[in-house]
Protein chains: 2
Amino acid sequence: MGIVVQKYGGSSVADAAGVKRVAQRIVNTKKAGHQVVVVVSAMGDTTDELIDLANEVSPLPPARELDMLLTAGERISMAVLAMAIQNLGHEARSFTGSQAGVITDAAHGKAKIIDVTPGRIQAAVDEGAIAIVAGFQGVSQTTKDITTLGRGGSDTTAVALAVALKAEVCEIYSDVDGIFTADPRIEPRARKVPRISYEETLEMAAQGAKILHLRCVEYARRYDMPIHVRSSFSEKEGTWVVKAEDVVQESSMEAAIITGVAHDRSQAKITVVGVPDKPGEAAAIFRAVADAQINIDMIVQNISEAKTGLTDISFTLPQGEGQTAMTALDRVREQIGFESLQYDDSVGKVSVVGAGMSSAPGISARFFEALSEAGVNIEMISTSEIRVSVVVAEAQIESAVNAAHAAFELGSDEIEAVVYGGTGR
Amino acid sequence: MGIVVQKYGGSSVADAAGVKRVAQRIVNTKKAGHQVVVVVSAMGDTTDELIDLANEVSPLPPARELDMLLTAGERISMAVLAMAIQNLGHEARSFTGSQAGVITDAAHGKAKIIDVTPGRIQAAVDEGAIAIVAGFQGVSQTTKDITTLGRGGSDTTAVALAVALKAEVCEIYSDVDGIFTADPRIEPRARKVPRISYEETLEMAAQGAKILHLRCVEYARRYDMPIHVRSSFSEKEGTWVVKAEDVVQESSMEAAIITGVAHDRSQAKITVVGVPDKPGEAAAIFRAVADAQINIDMIVQNISEAKTGLTDISFTLPQGEGQTAMTALDRVREQIGFESLQYDDSVGKVSVVGAGMSSAPGISARFFEALSEAGVNIEMISTSEIRVSVVVAEAQIESAVNAAHAAFELGSDEIEAVVYGGTGR
């Protein structure tokens, strides 16, 4: 049998008991005849504690040194995990990102993987050992300095290693059983999706579902590496993220049109009021926002009022960037000539996602009718080939998720979702 | 001006405040015109905490993984120290042992330095940066695995780097002002020695003085690298450890015969009672002890009793190895044919050390007379070219140190020793 890459997050190895549990699970996979490569995050809150320490000596820690500091976290977890596995009688060797051949650019704190040369990992598994690799880290091709990959970095490490090692599958473990049709904490009838395409997973992740990070799914899609999302607390099959053809093949003839409902509470909305409706105004607004390094999501421009010649432009952005964006826009108010700014961070986004949507008319209508019947007011709308998203008041997110879930008949007859342990990372 | 290598122990960087204080001190050295390379140990109790974590998952952690784990400690301290220096407006870059070119053999937990190739360190200081290097660690030449150097490893890293970089001096910082004629906690009239030879320092260290580790002094002696032992809590000159000629040159014509009095509380004594006095018996006893990996220190064999033809053999060893040695010897009792074993761990060793001793007769007599006058009973004696050591009851160590210190007129008229902070590492 071939290589299985498994990734365990910080909540799965939060303490010695967690490490031992994960070690047993890894040994079970090895005993089943697989070659096993494990990618592990820092234990529990280690990363946050290291950041606190950095802030004690420096208000703005230099990025190179912060990366050096943070990589100590995975160094601890991987060595301890290797010890726990050896204590179960199986050979295990830990490797830093650098030793595992994770080559990145030099962008400290958000490095991109350029190449993976896993010669030492391949040698270790060929010799019968279990290889434990530090997630989230690599080494710069140019400066030879230690880098970190930023958010979702360990998931990306796992997929990149799986690709480079030609693994059978990349298993991503967390504290939930897989990808659900909606967040089980909001929608008790949410159902685990057995298979989902890369594209749908990307839309779900982009729309606020927290199971997988965009970068890791993009990497897997590019190289067609199957991801198995599952819980480290149970033996159940989770959700397979695969290419679209494989989803259809395995499903019944009547493929589900909608795969799931995602929601996102982290959004805020800015409305630029009274913008002169002439060429270049919108460009000037979004240039100002872009120069402030703000990531915007949806944009809506209303038609202008005939008598004033003025229009309003609204856009959504992460709440954490709201203050920066408002300041940047206020600075160009006179130059652009708009009237005022409105800021609202009590909004949320609800999206229905499904690859079948592109060939099924009427999805938007059915979604909006369901929201209407549930008394949910739609503030903004945006769509993609396989997604319809609406911005609603934050207080109405749950009603909107429940209404959409019911309208597209996503629920199971029984409650099957179980959320284990704390929050995943 | 040339390169200064400074080594700071864990007690000097025990917390953020300590890190900031050390950072300021490093910056002061840089401002004085030196190129500065700093070797740092893990912060405070980090190493012990990591060992505790390892023991939580494995009763006998594999050495390779334990090294990987423990090196996380210096990774944290060096990154945080680099941040603190940058926060003072000076460029600083941290480097792991591997990045600094510390090449070792593959003996995990007690690796020996084979070579030092400090190309990145030289480049960093040539570019005007302060280089911060993780102490205690290196990379195996053959396996490319991360290794640790064992006890005193950070001191050895500092001296080895100083040699490889052709530094002017290697400064070893701790929480005492230098090397004293005796432990100031026992002998209030102890005097700081301004200069001492490598050989005397080796004898002092081997006999229990805790300032410098043997390996580091041996390395410095081999390459004639001056070591300046001083306190990170004060600006005072400390003790210079240099070659013997340089000590004499600087001292007055009447060089001190005795440089200092060392003591060691960590010893135990085993007596093998009733050994048949015939060839091969002693060899068999010490072969059994050597096979159990015990480090023995002094050995004394009494003359045999004429009528029985039996003799007693006593030796000293570290207390921590007492149980292992007793078990190993008990196993060969019948084979060797001795009568019984006695174990005593309430003993200690007191030594007078001085390079002038070899040309000054009567040192032993003066030492033993002083002990006798102080009512101290001598249990064992051993000597070297520049040292006389006695084993005494643990309760009499202080009296013995004070008697020797007074007999050789080592004391100053004022009390000048100050011990800062906690214990050094």
# chains A, B, ... in the order shown; residues from 1 in each chain; ligands from 1
>>> select_by_dssp(residues="stretch 63-307 of chain B", states="strand (DSSP E)", output="JSON, numbers by chain")
{"B": [92, 93, 94, 95, 102, 103, 104, 113, 114, 115, 116, 130, 131, 132, 133, 134, 137, 138, 139, 140, 146, 147, 148, 169, 170, 171, 172, 173, 174, 195, 196, 197, 227, 228, 229, 230, 231, 239, 240, 241, 242, 260, 261, 262, 263, 264, 267, 268, 269, 270, 271, 272, 273, 274, 275, 276, 299, 300, 301]}
>>> closest_atom_pairs(of="stretch 41-141 of chain A", to="stretch 151-163 of chain A", cutoff="8 Å", atoms="only C-alpha atoms", output="JSON lines")
{"residue": "A:Ser41", "atom": "CA", "partner": "A:Ser154", "partner_atom": "CA", "distance": 6.2}
{"residue": "A:Val102", "atom": "CA", "partner": "A:Thr157", "partner_atom": "CA", "distance": 7.8}
{"residue": "A:Lys110", "atom": "CA", "partner": "A:Arg151", "partner_atom": "CA", "distance": 7.7}
{"residue": "A:Val116", "atom": "CA", "partner": "A:Leu161", "partner_atom": "CA", "distance": 6.8}
{"residue": "A:Pro118", "atom": "CA", "partner": "A:Leu161", "partner_atom": "CA", "distance": 7.3}
{"residue": "A:Ala134", "atom": "CA", "partner": "A:Ser154", "partner_atom": "CA", "distance": 7.9}
{"residue": "A:Gly135", "atom": "CA", "partner": "A:Ser154", "partner_atom": "CA", "distance": 4.1}
{"residue": "A:Phe136", "atom": "CA", "partner": "A:Gly153", "partner_atom": "CA", "distance": 4.2}
{"residue": "A:Gln137", "atom": "CA", "partner": "A:Gly153", "partner_atom": "CA", "distance": 7.4}
>>> calpha_fit_rmsd(fixed="chain B", moving="chain A")
0.3 Å
>>> interface_residues(of="chain B", to="chain A", cutoff="8 Å", atoms="only C-alpha atoms", output="JSON, numbers by chain")
{"B": [16, 17, 19, 20, 53, 54, 56, 57, 58, 59, 60, 61, 62, 65, 66, 68, 69, 70, 72, 73, 75, 76, 79, 80, 82, 83, 84, 86, 87, 93, 94]}
>>> select_by_dssp(residues="stretch 280-415 of chain B", states="alpha helix (DSSP H)", output="MDAnalysis selection string")
chainID B and resid 281:291 322:331 333:336 363:373 397:407
>>> write_last_selection(atoms="C-alpha atoms", output="compact mmCIF listing (two decimals), in the first residue's frame")
# COMPACT_ATOMS: atom_id res chain seq x y z
CA GLU B 281 40.84 -8.30 41.48
CA ALA B 282 40.88 -4.50 41.19
CA ALA B 283 40.62 -4.75 37.42
CA ALA B 284 37.54 -6.97 37.71
CA ILE B 285 35.88 -4.53 40.12
CA PHE B 286 36.44 -1.47 37.94
CA ARG B 287 35.53 -3.34 34.77
CA ALA B 288 32.11 -4.07 36.31
CA VAL B 289 31.72 -0.40 37.23
CA ALA B 290 32.90 0.82 33.81
CA ASP B 291 30.49 -1.52 32.02
CA GLY B 322 25.41 5.31 43.24
CA GLN B 323 22.50 2.92 42.92
CA THR B 324 23.60 1.71 39.49
CA ALA B 325 27.14 1.09 40.70
CA MET B 326 25.98 -0.81 43.77
CA THR B 327 23.74 -3.04 41.65
CA ALA B 328 26.52 -3.69 39.14
CA LEU B 329 28.99 -4.63 41.87
CA ASP B 330 26.55 -6.79 43.77
CA ARG B 331 26.06 -8.84 40.61
CA ARG B 333 30.29 -10.32 44.20
CA GLU B 334 30.57 -14.10 44.14
CA GLN B 335 32.64 -14.13 41.01
CA ILE B 336 35.18 -11.70 42.47
CA ILE B 363 51.62 22.14 50.37
CA SER B 364 50.00 18.85 51.34
CA ALA B 365 51.43 19.05 54.82
CA ARG B 366 50.16 22.60 55.31
CA PHE B 367 46.72 21.63 53.98
CA PHE B 368 46.40 18.54 56.19
CA GLU B 369 47.63 20.40 59.26
CA ALA B 370 45.03 23.11 58.70
CA LEU B 371 42.32 20.46 58.43
CA SER B 372 43.55 18.75 61.55
CA GLU B 373 43.50 21.99 63.51
CA ILE B 397 33.01 20.69 54.06
CA GLU B 398 32.57 24.28 55.17
CA SER B 399 35.11 23.99 57.99
CA ALA B 400 37.56 22.41 55.57
CA VAL B 401 37.14 25.16 52.96
CA ASN B 402 37.52 27.89 55.56
CA ALA B 403 40.61 26.23 57.09
CA ALA B 404 42.33 25.82 53.72
CA HIS B 405 41.43 29.35 52.63
CA ALA B 406 42.99 30.78 55.77
CA ALA B 407 46.03 28.49 55.74
>>> residues_around(residues="A:Asp224", least_positions_apart="6", cutoff="9 Å", atoms="only C-alpha atoms", output="PyMOL selection string")
chain A and resi 163+198+242-243
>>> closest_residue(among="B:Gly375, B:Thr104, B:Tyr343, B:Ile258", to="B:Ser359", atoms="only C-alpha atoms")
B:Ile258
>>> atom_distance(atom1="atom CA of A:Gly238", atom2="atom CA of A:Arg25")
15.1 Å
>>> closest_residue(among="A:Thr259, A:Ser174, A:Ser384, A:Ser358", to="A:Ile196", atoms="only C-alpha atoms")
A:Thr259
>>> residues_around(residues="A:Arg387", least_positions_apart="2", cutoff="8 Å", atoms="only C-alpha atoms", output="PyMOL selection string")
chain A and resi 203+351-354+357+383-385+389
>>> write_last_selection(atoms="C-alpha atoms", output="short mmCIF file (atom, residue, chain, number, x, y, z; two decimals), in the first residue's frame")
data_model
loop_
_atom_site.label_atom_id
_atom_site.label_comp_id
_atom_site.auth_asym_id
_atom_site.auth_seq_id
_atom_site.Cartn_x
_atom_site.Cartn_y
_atom_site.Cartn_z
CA GLU A 203 -16.63 28.32 -2.18
CA SER A 351 -24.31 31.39 1.01
CA VAL A 352 -25.71 28.34 -0.75
CA VAL A 353 -23.05 26.41 -2.63
CA GLY A 354 -23.44 23.61 -5.17
CA MET A 357 -26.43 24.99 -9.58
CA THR A 383 -23.28 35.21 -7.08
CA SER A 384 -20.71 32.97 -8.71
CA GLU A 385 -21.07 30.01 -11.05
CA SER A 389 -24.53 34.74 -1.26
#
